[in-house]
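Student: Below is entry-v6.csv; it holds CSV, C-alpha atoms and all ligand atoms.
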```
chain,number,residue,atom,x,y,z
A,286,MET,CA,-151.6,-19.5,-26.1
A,287,ASP,CA,-154.6,-17.6,-27.1
A,288,LEU,CA,-154.4,-17.9,-30.8
A,289,ALA,CA,-158.0,-16.6,-31.3
A,290,GLN,CA,-156.8,-13.2,-30.3
A,291,GLY,CA,-153.7,-13.4,-32.6
A,292,GLU,CA,-151.7,-12.2,-29.7
A,293,ALA,CA,-150.2,-14.2,-26.9
A,294,VAL,CA,-151.9,-13.5,-23.5
A,295,LEU,CA,-149.8,-13.1,-20.4
A,296,ARG,CA,-151.4,-12.6,-17.0
A,297,GLY,CA,-149.9,-12.5,-13.6
A,298,ILE,CA,-146.6,-14.0,-14.6
A,299,LYS,CA,-143.6,-13.1,-12.5
A,300,ILE,CA,-140.2,-13.2,-14.0
A,301,ALA,CA,-137.1,-13.1,-11.7
A,302,ILE,CA,-133.9,-12.1,-13.4
A,303,ALA,CA,-131.1,-13.8,-11.4
A,304,ASN,CA,-127.5,-14.8,-11.4
A,305,GLN,CA,-125.3,-14.3,-8.3
A,306,LYS,CA,-122.4,-13.2,-10.5
A,307,GLY,CA,-122.1,-9.4,-10.5
A,308,GLY,CA,-122.2,-7.3,-13.6
A,309,VAL,CA,-123.6,-9.8,-16.0
A,310,GLY,CA,-126.5,-7.7,-17.3
A,311,LYS,CA,-129.3,-8.5,-14.8
A,312,THR,CA,-130.4,-4.9,-14.4
A,313,THR,CA,-129.9,-4.0,-18.0
A,314,THR,CA,-132.1,-7.0,-18.9
A,315,ALA,CA,-134.7,-6.2,-16.2
A,316,ILE,CA,-135.2,-2.6,-17.3
A,317,ASN,CA,-135.2,-3.1,-21.0
A,318,LEU,CA,-137.3,-6.3,-21.0
A,319,SER,CA,-139.8,-4.4,-18.8
A,320,ALA,CA,-139.8,-1.5,-21.2
A,321,ALA,CA,-140.1,-3.8,-24.2
A,322,LEU,CA,-143.1,-5.5,-22.7
A,323,ALA,CA,-144.7,-2.2,-21.7
A,324,GLN,CA,-144.2,-0.8,-25.2
A,325,LYS,CA,-146.1,-3.8,-26.5
A,326,GLY,CA,-149.0,-2.8,-24.4
A,327,LYS,CA,-148.5,-5.3,-21.6
A,328,LYS,CA,-149.1,-3.9,-18.1
A,329,VAL,CA,-145.7,-4.3,-16.3
A,330,LEU,CA,-144.5,-3.9,-12.7
A,331,LEU,CA,-140.8,-3.8,-12.2
A,332,ALA,CA,-139.9,-4.9,-8.7
A,333,ASP,CA,-136.4,-3.7,-7.8
A,334,LEU,CA,-135.1,-6.2,-5.2
A,335,ASP,CA,-131.5,-5.1,-5.3
A,336,PRO,CA,-130.2,-2.7,-2.5
A,337,GLN,CA,-128.0,-1.1,-5.2
A,338,ALA,CA,-131.3,0.2,-6.7
A,339,ASN,CA,-129.9,0.4,-10.2
A,340,SER,CA,-133.2,-0.5,-11.8
A,341,THR,CA,-135.0,2.2,-9.7
A,342,ILE,CA,-132.6,5.0,-10.6
A,343,SER,CA,-132.8,4.0,-14.3
A,344,PHE,CA,-136.4,5.1,-14.3
A,345,ILE,CA,-137.1,7.5,-11.4
A,346,ASP,CA,-135.4,10.0,-9.3
A,347,ASN,CA,-134.5,8.3,-6.0
A,348,GLN,CA,-135.3,11.5,-4.1
A,349,GLU,CA,-138.9,10.9,-5.2
A,350,THR,CA,-139.3,8.1,-2.7
A,351,ASN,CA,-138.6,7.5,0.9
A,352,LEU,CA,-140.4,4.2,1.2
A,353,SER,CA,-138.8,1.2,-0.6
A,354,ILE,CA,-139.4,-2.5,-1.1
A,355,TYR,CA,-137.6,-3.0,2.2
A,356,ASP,CA,-140.6,-1.3,4.0
A,357,LEU,CA,-143.0,-3.5,2.1
A,358,LEU,CA,-141.2,-6.6,3.2
A,359,THR,CA,-140.8,-5.7,6.8
A,360,ASP,CA,-143.9,-3.6,7.6
A,361,LEU,CA,-146.9,-5.7,7.0
A,362,ASN,CA,-149.3,-2.8,7.6
A,363,LEU,CA,-147.9,-1.0,4.6
A,364,THR,CA,-149.9,-1.4,1.4
A,365,LEU,CA,-148.4,-1.4,-2.1
A,366,ASP,CA,-150.4,1.6,-3.1
A,367,ASN,CA,-148.2,3.7,-0.8
A,368,LEU,CA,-145.1,2.4,-2.6
A,369,LEU,CA,-145.8,2.0,-6.3
A,370,LYS,CA,-144.4,4.6,-8.6
A,371,LYS,CA,-145.4,5.3,-12.1
A,372,THR,CA,-142.5,5.7,-14.6
A,373,LYS,CA,-142.7,8.1,-17.5
A,374,MET,CA,-143.4,5.1,-19.7
A,375,GLU,CA,-147.0,4.2,-20.2
A,376,ASN,CA,-147.8,0.7,-18.7
A,377,LEU,CA,-144.7,0.6,-16.6
A,378,ASP,CA,-144.8,0.9,-12.8
A,379,ILE,CA,-142.0,0.3,-10.4
A,380,ILE,CA,-141.5,-0.8,-6.8
A,381,PRO,CA,-138.4,1.2,-5.8
A,382,SER,CA,-135.5,-0.1,-3.8
A,383,ARG,CA,-133.1,1.7,-1.5
A,384,ILE,CA,-129.9,0.8,0.2
A,385,ASN,CA,-131.8,-0.1,3.4
A,386,LEU,CA,-132.9,-3.3,1.7
A,387,ALA,CA,-129.4,-4.6,2.6
A,388,LYS,CA,-130.6,-4.9,6.2
A,389,LEU,CA,-133.4,-7.3,5.2
A,390,GLU,CA,-131.6,-10.5,6.2
A,391,ARG,CA,-130.8,-9.2,9.7
A,392,GLU,CA,-134.3,-7.8,10.1
A,393,LEU,CA,-136.0,-11.1,9.3
A,394,ILE,CA,-133.9,-13.4,11.4
A,395,GLY,CA,-136.2,-15.8,13.2
A,396,GLU,CA,-139.3,-14.9,11.1
A,397,LEU,CA,-140.7,-18.2,9.8
A,398,ASP,CA,-142.2,-16.5,6.8
A,399,ALA,CA,-139.0,-14.8,5.8
A,400,PRO,CA,-138.6,-16.5,2.3
A,401,PHE,CA,-142.2,-15.9,1.5
A,402,ARG,CA,-142.5,-12.1,2.2
A,403,LEU,CA,-142.2,-11.0,-1.4
A,404,LYS,CA,-144.6,-13.7,-2.7
A,405,ASP,CA,-147.2,-12.8,0.0
A,406,ARG,CA,-147.0,-9.1,-0.8
A,407,LEU,CA,-147.0,-9.5,-4.6
A,408,ASP,CA,-149.8,-12.2,-4.9
A,409,PRO,CA,-152.7,-9.8,-4.2
A,410,ILE,CA,-151.6,-7.3,-6.8
A,411,SER,CA,-149.9,-9.3,-9.5
A,412,LYS,CA,-153.2,-10.0,-11.2
A,413,ASN,CA,-153.4,-6.3,-12.0
A,414,TYR,CA,-150.4,-6.7,-14.2
A,415,ASP,CA,-149.6,-8.9,-17.2
A,416,VAL,CA,-146.0,-9.3,-16.1
A,417,VAL,CA,-144.0,-8.6,-12.9
A,418,VAL,CA,-140.2,-8.4,-13.6
A,419,ILE,CA,-138.0,-8.8,-10.5
A,420,ASP,CA,-134.4,-7.6,-10.5
A,421,THR,CA,-132.2,-9.2,-8.0
A,422,PRO,CA,-128.8,-8.6,-6.3
A,423,PRO,CA,-125.6,-10.5,-7.1
A,424,THR,CA,-126.0,-12.9,-4.1
A,425,LEU,CA,-127.9,-16.1,-3.4
A,426,GLY,CA,-129.0,-14.9,0.0
A,427,LEU,CA,-132.5,-14.2,1.4
A,428,ILE,CA,-133.3,-11.4,-1.0
A,429,THR,CA,-132.7,-13.6,-4.1
A,430,VAL,CA,-134.5,-16.5,-2.4
A,431,ASN,CA,-137.5,-14.2,-1.9
A,432,ALA,CA,-137.5,-13.4,-5.6
A,433,LEU,CA,-137.3,-17.1,-6.6
A,434,VAL,CA,-140.1,-18.1,-4.2
A,435,ALA,CA,-142.3,-15.3,-5.6
A,436,ALA,CA,-141.5,-15.9,-9.3
A,437,THR,CA,-143.3,-18.1,-11.8
A,438,HIS,CA,-140.4,-17.9,-14.2
A,439,LEU,CA,-136.6,-17.2,-14.1
A,440,ILE,CA,-134.3,-15.6,-16.7
A,441,ILE,CA,-130.6,-16.2,-16.2
A,442,PRO,CA,-128.4,-13.6,-17.9
A,443,ILE,CA,-124.9,-15.0,-18.5
A,444,GLN,CA,-122.1,-12.8,-19.6
A,445,SER,CA,-120.2,-14.0,-22.6
A,446,SER,CA,-116.8,-14.2,-21.0
A,447,TYR,CA,-114.1,-16.8,-20.2
A,448,PHE,CA,-115.5,-17.3,-16.7
A,449,ALA,CA,-119.2,-17.3,-17.9
A,450,LEU,CA,-120.2,-20.5,-16.3
A,451,GLU,CA,-118.3,-20.1,-13.0
A,452,GLY,CA,-120.9,-20.2,-10.2
A,453,THR,CA,-123.8,-21.6,-12.3
A,454,ASP,CA,-123.6,-24.8,-10.3
A,455,ASP,CA,-124.5,-22.9,-7.1
A,456,LEU,CA,-127.3,-21.1,-8.9
A,457,LEU,CA,-128.7,-24.3,-10.4
A,458,GLU,CA,-128.5,-26.0,-7.0
A,459,THR,CA,-130.4,-23.1,-5.4
A,460,ILE,CA,-133.1,-23.4,-8.1
A,461,GLU,CA,-133.5,-27.1,-7.5
A,462,ARG,CA,-133.9,-26.5,-3.8
A,463,ILE,CA,-136.5,-23.8,-4.3
A,464,LYS,CA,-138.3,-26.1,-6.7
A,465,ALA,CA,-138.2,-29.0,-4.3
A,466,ARG,CA,-140.1,-27.3,-1.7
A,467,PRO,CA,-141.3,-23.7,-1.6
A,468,ASN,CA,-142.0,-23.2,-5.3
A,469,PRO,CA,-142.4,-26.3,-7.4
A,470,GLU,CA,-143.9,-24.2,-10.2
A,471,LEU,CA,-140.7,-22.2,-10.8
A,472,GLU,CA,-139.7,-22.6,-14.4
A,473,VAL,CA,-136.4,-21.5,-16.0
A,474,LEU,CA,-137.7,-19.5,-18.9
A,475,GLY,CA,-134.3,-19.2,-20.5
A,476,VAL,CA,-130.7,-18.1,-20.4
A,477,VAL,CA,-129.7,-15.0,-22.2
A,478,VAL,CA,-126.1,-14.5,-23.3
A,479,THR,CA,-125.2,-10.9,-22.7
A,480,LEU,CA,-122.2,-8.6,-23.5
A,481,HIS,CA,-121.7,-10.8,-26.5
A,482,ASP,CA,-119.3,-10.1,-29.3
A,483,ARG,CA,-120.4,-12.3,-32.2
A,484,ARG,CA,-117.3,-11.5,-34.2
A,485,THR,CA,-114.8,-13.3,-32.0
A,486,THR,CA,-114.0,-17.0,-31.9
A,487,LEU,CA,-113.8,-16.9,-28.1
A,488,SER,CA,-117.3,-15.5,-27.8
A,489,ARG,CA,-118.6,-18.2,-30.2
A,490,ASP,CA,-116.8,-20.9,-28.1
A,491,ILE,CA,-118.3,-19.5,-24.9
A,492,TYR,CA,-121.8,-19.5,-26.5
A,493,ASP,CA,-121.3,-23.2,-27.4
A,494,GLN,CA,-120.2,-23.9,-23.8
A,495,ILE,CA,-123.3,-22.3,-22.4
A,496,TYR,CA,-125.4,-24.2,-24.9
A,497,GLN,CA,-123.8,-27.5,-23.8
A,498,VAL,CA,-125.0,-26.8,-20.3
A,499,PHE,CA,-128.4,-25.2,-20.9
A,500,GLY,CA,-129.4,-26.6,-24.3
A,501,ASP,CA,-132.7,-25.2,-25.7
A,502,LYS,CA,-133.1,-23.0,-22.6
A,503,VAL,CA,-130.6,-20.6,-24.2
A,504,PHE,CA,-132.6,-17.9,-26.0
A,505,ASP,CA,-131.8,-17.5,-29.7
A,506,THR,CA,-131.4,-13.8,-29.1
A,507,THR,CA,-128.0,-12.7,-27.7
A,508,ILE,CA,-127.3,-9.2,-26.4
A,509,SER,CA,-124.3,-7.5,-27.9
A,510,LYS,CA,-122.0,-5.2,-26.2
A,511,SER,CA,-123.4,-1.7,-26.8
A,512,VAL,CA,-122.4,1.7,-25.4
A,513,ARG,CA,-126.0,2.8,-25.9
A,514,LEU,CA,-127.2,0.2,-23.4
A,515,GLU,CA,-124.7,1.5,-20.9
A,516,GLU,CA,-125.6,5.1,-21.4
A,517,SER,CA,-129.4,5.0,-21.4
A,518,PRO,CA,-130.0,4.6,-17.6
A,519,ALA,CA,-128.2,7.9,-16.9
A,520,TYR,CA,-130.9,9.6,-19.0
A,521,LYS,CA,-133.7,7.7,-17.1
A,522,GLU,CA,-134.7,6.1,-20.4
A,523,SER,CA,-135.0,2.6,-21.7
A,524,ILE,CA,-133.0,1.7,-24.8
A,525,PHE,CA,-136.3,2.1,-26.8
A,526,THR,CA,-136.6,5.8,-26.4
A,527,PHE,CA,-132.9,6.6,-25.9
A,528,ALA,CA,-131.6,4.8,-29.0
A,529,PRO,CA,-134.5,3.1,-30.8
A,530,SER,CA,-132.5,1.9,-33.8
A,531,SER,CA,-129.5,0.7,-31.8
A,532,SER,CA,-128.5,-3.0,-31.7
A,533,GLY,CA,-129.5,-3.1,-28.0
A,534,ALA,CA,-133.1,-1.9,-28.8
A,535,ILE,CA,-133.5,-4.5,-31.6
A,536,GLU,CA,-132.0,-7.3,-29.5
A,537,TYR,CA,-134.1,-6.6,-26.4
A,538,ALA,CA,-137.2,-6.3,-28.6
A,539,ASN,CA,-136.4,-9.8,-30.0
A,540,LEU,CA,-135.8,-11.1,-26.6
A,541,CYS,CA,-139.2,-9.8,-25.5
A,542,GLU,CA,-140.8,-11.7,-28.4
A,543,GLU,CA,-139.1,-14.9,-27.3
A,544,VAL,CA,-140.1,-14.3,-23.7
A,545,ILE,CA,-143.8,-13.8,-24.6
A,546,ARG,CA,-143.7,-16.9,-26.8
A,547,ARG,CA,-142.2,-19.1,-24.1
A,548,ALA,CA,-144.3,-17.8,-21.2
A,549,SER,CA,-147.7,-17.9,-22.9
A,601,LIG,P1,-125.1,-6.3,-10.5
A,601,LIG,O1,-124.7,-7.7,-10.2
A,601,LIG,O2,-124.0,-5.4,-9.9
A,601,LIG,O3,-126.5,-6.0,-10.1
A,601,LIG,P2,-126.0,-6.6,-13.2
A,601,LIG,O4,-125.9,-8.1,-13.4
A,601,LIG,O5,-127.3,-6.1,-12.8
A,601,LIG,O6,-124.9,-6.1,-12.1
A,601,LIG,P3,-125.8,-4.6,-15.2
A,601,LIG,O7,-125.8,-3.5,-14.1
A,601,LIG,O8,-126.9,-4.7,-16.0
A,601,LIG,O9,-125.4,-6.0,-14.5
A,601,LIG,O10,-124.5,-4.4,-16.1
A,601,LIG,C1,-123.2,-4.2,-15.5
A,601,LIG,C2,-122.5,-3.1,-16.3
A,601,LIG,O11,-122.4,-3.4,-17.7
A,601,LIG,C3,-123.3,-1.8,-16.3
A,601,LIG,O12,-122.5,-0.7,-16.3
A,601,LIG,C4,-124.1,-1.9,-17.6
A,601,LIG,O13,-124.4,-0.6,-18.1
A,601,LIG,C5,-123.1,-2.6,-18.5
A,601,LIG,N1,-123.8,-3.4,-19.5
A,601,LIG,C6,-124.8,-4.3,-19.3
A,601,LIG,N2,-125.1,-4.9,-20.5
A,601,LIG,C7,-124.4,-4.3,-21.4
A,601,LIG,C8,-124.3,-4.4,-22.9
A,601,LIG,N3,-125.0,-5.3,-23.5
A,601,LIG,N4,-123.4,-3.7,-23.5
A,601,LIG,C9,-122.6,-2.8,-22.8
A,601,LIG,N5,-122.6,-2.6,-21.5
A,601,LIG,C10,-123.5,-3.3,-20.8
A,602,MG,MG,-128.0,-5.1,-11.1
```
Just dump the structure as structure tokens.
Tutor:
Amino acid sequence: MDLAQGEAVLRGIKIAIANQKGGVGKTTTAINLSAALAQKGKKVLLADLDPQANSTISFIDNQETNLSIYDLLTDLNLTLDNLLKKTKMENLDIIPSRINLAKLERELIGELDAPFRLKDRLDPISKNYDVVVIDTPPTLGLITVNALVAATHLIIPIQSSYFALEGTDDLLETIERIKARPNPELEVLGVVVTLHDRRTTLSRDIYDQIYQVFGDKVFDTTISKSVRLEESPAYKESIFTFAPSSSGAIEYANLCEEVIRRAS
């Protein structure tokens, strides 16, 4: 940590947001953490690695772009300059996704470098950014593997629900396999409990269960259920401009502080 500057320094870190369970808050975390970092003056690149393109359409009009991250990963002559889009937020750029990304696995069959495509494409430009945030789809297939090979850090959102921990064994096994060979540097930065309702006993029990598995990796900040968080993507805004005093804005700002502290 660069204490002399009084402000933690991040440079070139790449944070994948992953959990193969659907609807646990990966995209909501990716877009609002990216926005929180950008708002703090960090230069941020959000790479949308989900064919559903939810992160992309949360910030830009999908008509704006024909090329997507699929083209970057399959056409090695394409440069990122052709693909990067600025968002209306200062300091926040995005690599858009499109549904054609779903063809990636088929397209890369037999390619020896298939798991390394994203890493190889991001490495030359990630030094231009303080943080690259990678949103991933709800699978543990080649797309998510590309994200985990490219990333320096991983954030796992876990929904506060009765089945919260279902599937985490598979995720942890995948992380261990990635760390064993292609990416020993991958570090689980933390687990964020999402869609949390602090008032119910069930939610508190679930938090305790998650804590038993992940211990201090669980971020202190939990993300509450909030209609505002659900609404903001429809207006192509992060929670910080859409509802700056909402619980979601406060919680994602707190999460951002924890992320900076842990990653520095
Ligand atoms: P997928 O696996 O399909 O990519 P995901 O893990 O990215 O899903 P999100 O898209 O972030 O999950 O969230 C799923 C749904 O829940 C979305 O409609 C989103 O707006 C909503 N949601 C996410 N977090 C919250 C929250 N804290 N409060 C209320 N709604 C939320
Ligand atoms: Mg998503």
Student: Determine, using only C-alpha atoms and all ligand atoms, which residues of chain A have any atom at most 9 Å from an atom of ligand LIG 601 (chain A), and tabulate each with its shortest atom pair and distance in Å to one decimal place, rows ordered by chain and then rising number, as CSV.
Tutor:
```
residue,atom,partner,partner_atom,distance
A:Ile302,CA,A:LIG601,O5,8.9
A:Ala303,CA,A:LIG601,O4,8.0
A:Asn304,CA,A:LIG601,O4,7.2
A:Gln305,CA,A:LIG601,O1,6.9
A:Lys306,CA,A:LIG601,O1,6.0
A:Gly307,CA,A:LIG601,O1,3.1
A:Gly308,CA,A:LIG601,O6,3.3
A:Val309,CA,A:LIG601,O4,3.9
A:Gly310,CA,A:LIG601,O8,3.3
A:Lys311,CA,A:LIG601,O4,3.7
A:Thr312,CA,A:LIG601,O5,3.7
A:Thr313,CA,A:LIG601,O8,3.7
A:Thr314,CA,A:LIG601,O8,6.4
A:Ala315,CA,A:LIG601,O8,7.9
A:Ile316,CA,A:LIG601,O8,8.7
A:Asp335,CA,A:LIG601,O3,7.0
A:Gln337,CA,A:LIG601,O3,7.1
A:Ala338,CA,A:LIG601,O3,8.5
A:Asn339,CA,A:LIG601,O7,6.9
A:Ser340,CA,A:LIG601,O5,8.2
A:Asp420,CA,A:LIG601,O5,7.6
A:Thr421,CA,A:LIG601,O3,6.9
A:Pro422,CA,A:LIG601,O3,5.1
A:Pro423,CA,A:LIG601,O1,4.3
A:Thr424,CA,A:LIG601,O1,8.1
A:Pro442,CA,A:LIG601,O4,7.5
A:Ile443,CA,A:LIG601,O4,8.6
A:Gln444,CA,A:LIG601,N2,8.5
A:Thr479,CA,A:LIG601,N3,5.7
A:Leu480,CA,A:LIG601,N3,4.3
A:His481,CA,A:LIG601,N3,7.1
A:Ile508,CA,A:LIG601,N3,5.4
A:Ser509,CA,A:LIG601,N3,5.0
A:Lys510,CA,A:LIG601,N4,3.4
A:Ser511,CA,A:LIG601,N4,3.9
A:Val512,CA,A:LIG601,C9,5.2
A:Arg513,CA,A:LIG601,C9,7.2
A:Leu514,CA,A:LIG601,N4,5.4
A:Glu515,CA,A:LIG601,O13,3.5
A:Glu516,CA,A:LIG601,O13,6.7
A:Ser517,CA,A:LIG601,O13,8.2
A:Pro518,CA,A:LIG601,O13,7.7
A:Gly533,CA,A:LIG601,N3,6.7
```
Student: So that I can check the surroundings of Ala435 of chain A, please list as a list in words every protein, DNA and RNA residue that reaches within 9 Å of it, counting all atoms listed in the file and ignoring chain neighbours fewer than 4 positions away.
Tutor: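 The residues that qualify are Lys299, Ile300, Ala301, Pro400, Phe401, Arg402, Leu403, Lys404, Asp405, Leu407, Asp408, Val430, Asn431, Asn468 and Leu471 of chain A.
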Student: Counting all atoms listed in the file, which residue out of A:Ala387, A:Leu358, A:Ser343, A:Gln494 sits closest to Glu451 of chain A?
Tutor: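 With all atoms listed in the file as the atom set, the closest residue is A:Gln494.
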Student: Please determine, counting all atoms listed in the file, which residue among A:Leu457, A:Ile342, A:Leu397, A:Leu363 has the shortest atom-to-atom distance to ligand MG 602 (chain A).
Tutor: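 Between A:Leu457, A:Ile342, A:Leu397, A:Leu363, the residue approaching ligand MG 602 (chain A) most closely is A:Ile342.
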Student: Pick out the residues sitting within 6 Å of Ile440 of chain A, and hand them over as a VMD selection string; count only C-alpha atoms, and ignore anything fewer than 6 positions along from it in its own chain.
Tutor: chain A and resid 302 474 to 476
Student: How far is it from atom CA of Asn317 of chain A to atom CA of Ala548 of chain A, in Å with one decimal?
Tutor: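 It comes out at 17.3 Å.
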